Every structure is written in structure tokens, then in C-alpha cells.
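File shown: protein_5.cif (mmCIF, C-alpha atoms).
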data_entry
loop_
_atom_site.group_PDB
_atom_site.id
_atom_site.type_symbol
_atom_site.label_atom_id
_atom_site.label_comp_id
_atom_site.auth_asym_id
_atom_site.auth_seq_id
_atom_site.Cartn_x
_atom_site.Cartn_y
_atom_site.Cartn_z
ATOM 1 C CA MET A 19 -0.610 7.458 -11.957
ATOM 2 C CA THR A 20 1.511 4.459 -11.040
ATOM 3 C CA GLU A 21 0.945 1.996 -8.273
ATOM 4 C CA ASP A 22 3.424 -0.158 -6.431
ATOM 5 C CA ALA A 23 0.907 -2.646 -5.055
ATOM 6 C CA ASP A 24 3.471 -4.495 -2.918
ATOM 7 C CA LYS A 25 4.330 -1.303 -1.092
ATOM 8 C CA GLY A 26 0.831 0.214 -1.127
ATOM 9 C CA LEU A 27 2.018 3.406 -2.799
ATOM 10 C CA VAL A 28 0.465 5.517 -5.524
ATOM 11 C CA THR A 29 2.799 7.907 -7.380
ATOM 12 C CA VAL A 30 1.782 10.683 -9.771
ATOM 13 C CA ALA A 31 4.005 12.964 -11.865
ATOM 14 C CA SER A 32 3.543 16.693 -11.346
ATOM 15 C CA THR A 33 3.927 19.474 -13.881
ATOM 16 C CA ARG A 34 5.224 21.854 -11.205
ATOM 17 C CA PRO A 35 8.190 22.103 -8.807
ATOM 18 C CA VAL A 36 7.905 20.426 -5.395
ATOM 19 C CA ARG A 37 7.026 23.540 -3.365
ATOM 20 C CA GLU A 38 4.337 24.664 -5.807
ATOM 21 C CA THR A 39 2.951 21.128 -5.999
ATOM 22 C CA ILE A 40 2.636 20.944 -2.200
ATOM 23 C CA ASP A 41 1.107 24.452 -2.113
ATOM 24 C CA ARG A 42 -1.502 23.326 -4.636
ATOM 25 C CA LEU A 43 -2.091 20.065 -2.794
ATOM 26 C CA GLN A 44 -2.580 21.942 0.463
ATOM 27 C CA ASP A 45 -5.117 24.235 -1.259
ATOM 28 C CA ALA A 46 -6.980 21.248 -2.747
ATOM 29 C CA ILE A 47 -6.978 19.355 0.568
ATOM 30 C CA THR A 48 -8.238 22.378 2.476
ATOM 31 C CA ALA A 49 -10.946 23.048 -0.132
ATOM 32 C CA ALA A 50 -12.084 19.426 0.300
ATOM 33 C CA GLY A 51 -12.598 20.038 4.024
ATOM 34 C CA PHE A 52 -9.474 18.318 5.321
ATOM 35 C CA HIS A 53 -7.369 19.676 8.152
ATOM 36 C CA VAL A 54 -3.647 20.094 7.451
ATOM 37 C CA PHE A 55 -1.835 18.856 10.545
ATOM 38 C CA ALA A 56 1.722 19.513 9.368
ATOM 39 C CA ARG A 57 3.953 20.304 6.458
ATOM 40 C CA VAL A 58 7.524 19.055 6.605
ATOM 41 C CA ASP A 59 10.277 20.331 4.314
ATOM 42 C CA HIS A 60 12.732 17.428 4.460
ATOM 43 C CA ALA A 61 15.267 19.192 2.210
ATOM 44 C CA ASP A 62 15.315 22.232 4.490
ATOM 45 C CA HIS A 63 15.869 20.047 7.553
ATOM 46 C CA ALA A 64 18.629 18.165 5.729
ATOM 47 C CA ALA A 65 20.336 21.470 4.847
ATOM 48 C CA ARG A 66 20.180 22.549 8.497
ATOM 49 C CA ALA A 67 22.062 19.361 9.335
ATOM 50 C CA GLY A 68 24.663 20.120 6.668
ATOM 51 C CA LEU A 69 23.312 17.478 4.273
ATOM 52 C CA GLU A 70 21.992 17.667 0.741
ATOM 53 C CA LEU A 71 18.605 16.381 -0.367
ATOM 54 C CA ARG A 72 16.676 17.145 -3.521
ATOM 55 C CA PRO A 73 13.410 19.041 -2.866
ATOM 56 C CA THR A 74 11.181 16.800 -0.737
ATOM 57 C CA GLU A 75 8.109 17.967 1.192
ATOM 58 C CA LEU A 76 5.537 16.008 3.185
ATOM 59 C CA LEU A 77 1.954 17.092 3.820
ATOM 60 C CA ILE A 78 0.064 15.427 6.691
ATOM 61 C CA PHE A 79 -3.711 15.849 6.555
ATOM 62 C CA GLY A 80 -6.984 14.277 7.529
ATOM 63 C CA LYS A 81 -10.540 14.490 8.770
ATOM 64 C CA PRO A 82 -11.053 13.205 12.297
ATOM 65 C CA GLU A 83 -14.671 12.354 11.462
ATOM 66 C CA GLY A 84 -13.370 9.937 8.825
ATOM 67 C CA GLY A 85 -10.156 8.567 10.250
ATOM 68 C CA THR A 86 -11.621 7.958 13.680
ATOM 69 C CA HIS A 87 -14.078 5.418 12.235
ATOM 70 C CA LEU A 88 -11.179 3.484 10.719
ATOM 71 C CA MET A 89 -9.350 3.483 14.049
ATOM 72 C CA GLN A 90 -12.521 2.404 15.848
ATOM 73 C CA ASP A 91 -12.522 -0.612 13.539
ATOM 74 C CA LYS A 92 -8.803 -1.375 14.058
ATOM 75 C CA GLN A 93 -6.869 1.011 16.231
ATOM 76 C CA THR A 94 -3.594 0.117 14.500
ATOM 77 C CA ALA A 95 -4.836 2.062 11.458
ATOM 78 C CA GLY A 96 -3.711 5.118 13.426
ATOM 79 C CA ILE A 97 -0.104 4.424 12.403
ATOM 80 C CA ASP A 98 -1.125 5.261 8.817
ATOM 81 C CA LEU A 99 -3.400 8.151 9.774
ATOM 82 C CA PRO A 100 -3.588 11.013 9.277
ATOM 83 C CA ALA A 101 -3.021 10.656 5.566
ATOM 84 C CA LYS A 102 0.250 11.794 4.047
ATOM 85 C CA ALA A 103 1.451 12.907 0.624
ATOM 86 C CA LEU A 104 5.111 13.336 -0.294
ATOM 87 C CA ALA A 105 6.197 15.608 -3.142
ATOM 88 C CA TRP A 106 9.733 14.901 -4.267
ATOM 89 C CA GLN A 107 12.109 15.603 -7.114
ATOM 90 C CA ASP A 108 13.939 12.744 -8.796
ATOM 91 C CA ALA A 109 17.508 12.830 -10.121
ATOM 92 C CA THR A 110 16.297 14.022 -13.542
ATOM 93 C CA GLY A 111 14.388 16.994 -12.065
ATOM 94 C CA VAL A 112 10.887 15.523 -12.402
ATOM 95 C CA THR A 113 8.508 16.172 -9.511
ATOM 96 C CA TRP A 114 6.380 13.324 -8.166
ATOM 97 C CA VAL A 115 3.703 12.972 -5.501
ATOM 98 C CA THR A 116 3.502 9.693 -3.583
ATOM 99 C CA CYS A 117 0.773 8.704 -1.142
ATOM 100 C CA ASN A 118 -0.538 5.545 0.463
ATOM 101 C CA ASP A 119 -3.159 3.538 -1.398
ATOM 102 C CA ALA A 120 -6.172 3.577 0.960
ATOM 103 C CA SER A 121 -7.107 0.017 -0.032
ATOM 104 C CA TRP A 122 -3.625 -1.117 0.972
ATOM 105 C CA VAL A 123 -4.013 0.609 4.341
ATOM 106 C CA ALA A 124 -7.350 -1.197 4.815
ATOM 107 C CA ALA A 125 -5.803 -4.555 3.932
ATOM 108 C CA ARG A 126 -2.720 -3.899 6.076
ATOM 109 C CA HIS A 127 -4.863 -3.394 9.156
ATOM 110 C CA GLY A 128 -7.608 -5.880 8.317
ATOM 111 C CA LEU A 129 -10.314 -3.222 8.283
ATOM 112 C CA GLY A 130 -13.767 -4.744 8.060
ATOM 113 C CA PRO A 131 -16.996 -3.943 6.226
ATOM 114 C CA LYS A 132 -17.884 -1.061 8.550
ATOM 115 C CA SER A 133 -14.780 0.768 7.289
ATOM 116 C CA GLN A 134 -15.436 0.305 3.571
ATOM 117 C CA ALA A 135 -17.206 3.646 3.099
ATOM 118 C CA GLY A 136 -14.481 5.517 4.983
ATOM 119 C CA VAL A 137 -11.709 3.823 3.007
ATOM 120 C CA ALA A 138 -13.487 4.601 -0.273
ATOM 121 C CA ALA A 139 -13.968 8.245 0.753
ATOM 122 C CA LEU A 140 -10.312 8.576 1.758
ATOM 123 C CA GLU A 141 -9.201 7.053 -1.526
ATOM 124 C CA ALA A 142 -11.473 9.255 -3.652
ATOM 125 C CA SER A 143 -10.669 12.503 -1.869
ATOM 126 C CA THR A 144 -6.913 11.904 -1.754
ATOM 127 C CA VAL A 145 -6.732 10.902 -5.415
ATOM 128 C CA ALA A 146 -8.864 13.906 -6.422
ATOM 129 C CA ALA A 147 -6.657 16.314 -4.463
ATOM 130 C CA VAL A 148 -3.448 14.812 -5.865
ATOM 131 C CA ARG A 149 -4.827 15.032 -9.403
ATOM 132 C CA GLN A 150 -5.753 18.681 -8.842
ATOM 133 C CA ALA A 151 -2.338 19.495 -7.437
ATOM 134 C CA THR A 152 -0.386 17.771 -10.201
ATOM 135 C CA SER A 153 -2.436 18.792 -13.225
ATOM 136 C CA PRO A 154 -1.463 21.662 -15.534
ATOM 137 C CA ALA A 155 -4.707 23.493 -14.727
ATOM 138 C CA PHE A 156 -5.922 24.113 -11.194
ATOM 139 C CA TYR A 157 -9.412 24.998 -10.072
ATOM 140 C CA THR A 158 -10.186 26.139 -6.559
ATOM 141 C CA PRO A 159 -13.894 25.952 -5.733
ATOM 142 C CA GLY A 160 -15.234 29.346 -4.776
ATOM 143 C CA ALA A 161 -12.239 31.228 -6.169
#

C-alpha cells encoding of this file:
Amino acid sequence: MTEDADKGLVTVASTRPVRETIDRLQDAITAAGFHVFARVDHADHAARAGLELRPTELLIFGKPEGGTHLMQDKQTAGIDLPAKALAWQDATGVTWVTCNDASWVAARHGLGPKSQAGVAALEASTVAAVRQATSPAFYTPGA
């Protein structure tokens, strides 16, 4: 896992292609009780416009019972919520998953002490789901 602290991004290499990585991430997110709001295939949309883009897919997900508390603290946090994860393929064919660092989001919006638990929960659940999706082995609870 790499972090670009200035940009508030966390990036993790995946052992699978982009589509499979996002499928696995969606399964992990859903198993953790998150709602998937949207899935965007940027490469497909680029192709429809006659443009080329390496595989790139975005998953937008969240839990209103968690994110709402952050927005009640500072409503501007809503620009970074729901959470997002981007799976993308670099020029060498390696797949990566990039997501926002929840601590960075908290700092960006000046979230206070009443948001600490929510920020920590978002961080832990997002990191756990990304690790599940990008690891060689995958376990789905209840499967």
C-alpha cells in the first residue's frame, strides 16, 4: 500500500485485472454492509466517445448512517462522500486500486472530535475491503 499524503490518496496493487478487482471490491463492500451507489466504467465511456483509455473503473459506495454524521459535522464533507475506489491499469499492465485516505478527508474538511469514530470506521472498512479485493485469496463471509 502506498500513500501520497499531499494528495490524500492510498494506492494498492492488485493481483487481478481491473474488472475482476472491482467485482471483488464490490463483493467485499457489500459483505461489509455498504451500499453500492454506482459503478462507472471510464474505459467503456471513453470508447463510446471514440477515445482510448486503459481499463479504469470507479466504484462509489457508502453507508448513510456513517457518512451522514460526517456531513452533520461539516456539510462540505459531502463532496468526498460517498466513498470512491478507482481500479486502473498502468502502462505496464499492472492493476491498481486508489481511494481517498479518510484521515485526509477529515483534515480537508476540518472534521472535529465527534467525527473521529466515523472517520476511523470509514478508514478501517475501506482499507479492509481494498485488501480483500486486491489479495491473491478472497474470502466472502457466509459463502

Selection dump of the PyMOL selection byres ((chain A and resi 62) around 12), as a PyMOL selection string: chain A and resi 37+57-61+63-76

Under the PyMOL selection byres ((chain A and resi 116-131) around 6), which residues of this model are included? Write them out as a ChimeraX atom specification. /A:26-29,95,103-104,115,132-134,137,141

Which centre and edge lengths in Å to one decimal define the box along x, y and z that fits every listed atom of region 114-131 of chain A plus 3 Å per side, as AutoDock Vina command-line options?
--center_x -5.3 --center_y 3.7 --center_z 0.5 --size_x 29.4 --size_y 25.2 --size_z 23.3

Test item: residues at most 8 Å from Ala56 (chain A), all atoms listed in the file, excluding those fewer than 3 positions along its chain, as number ranges by chain: A: 77-79

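If you look at CA of Gly136 (chain A) and CA of Gly85 (chain A), they are 7.5 Å away from each other.
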
Any idea what's packed within 10 Å of Ala146 (chain A), counting only C-alpha atoms, ignoring anything in its chain fewer than 5 positions away? Could you give it as a compact mmCIF listing (two decimals) with C-alpha atoms, in the frame of the given file?
# COMPACT_ATOMS: atom_id res chain seq x y z
CA LEU A 43 -2.09 20.07 -2.79
CA ALA A 46 -6.98 21.25 -2.75
CA ILE A 47 -6.98 19.36 0.57
CA ALA A 50 -12.08 19.43 0.30
CA LEU A 140 -10.31 8.58 1.76
CA GLU A 141 -9.20 7.05 -1.53
CA ALA A 151 -2.34 19.50 -7.44

State, in Å with one decimal place, the distance from CA of Arg42 (chain A) to CA of Met89 (chain A). 28.4 Å

As an exercise, work out the distance from CA of Ile40 (chain A) to CA of Gly80 (chain A) in Å and give it to one decimal place. 15.2 Å

Rank A:Lys25, A:Arg34, A:Asp98, A:Gln90 by their smallest atom-to-atom distance to Pro154 (chain A), using all atoms listed in the file, and report the top residue only. A:Arg34

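In this comparison, which uses only C-alpha atoms, the residue of A:Asp45, A:Asp91, A:Glu83, A:Asp108 approaching Ala147 (chain A) most closely is A:Asp45.
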
Give as a ChimeraX atom specification the residues that the PyMOL selection byres ((chain A and resi 106) around 6) matches when applied to the coordinates above. /A:36,73-74,105,107,113-114

Counting all atoms listed in the file, which of A:Gly111, A:Gly51, A:Pro100, A:Gly84 gets nearest to Pro35 (chain A)? A:Gly111

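With distances taken over all atoms listed in the file, A:Ala49 is the one residue among A:Val112, A:Ala49, A:Leu99, A:Leu88 lying closest to Ser143 (chain A).
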
Residues near Ser153 (chain A), cut-off 9 Å, only C-alpha atoms, skip fewer than 6 positions along chain, as a PyMOL selection string: chain A and resi 31-34

Nearest candidate to Thr144 (chain A) (options A:Ala101, A:Pro82, A:Glu38, A:His87; using only C-alpha atoms):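 Ranked by minimum distance to Thr144 (chain A), first place goes to A:Ala101.
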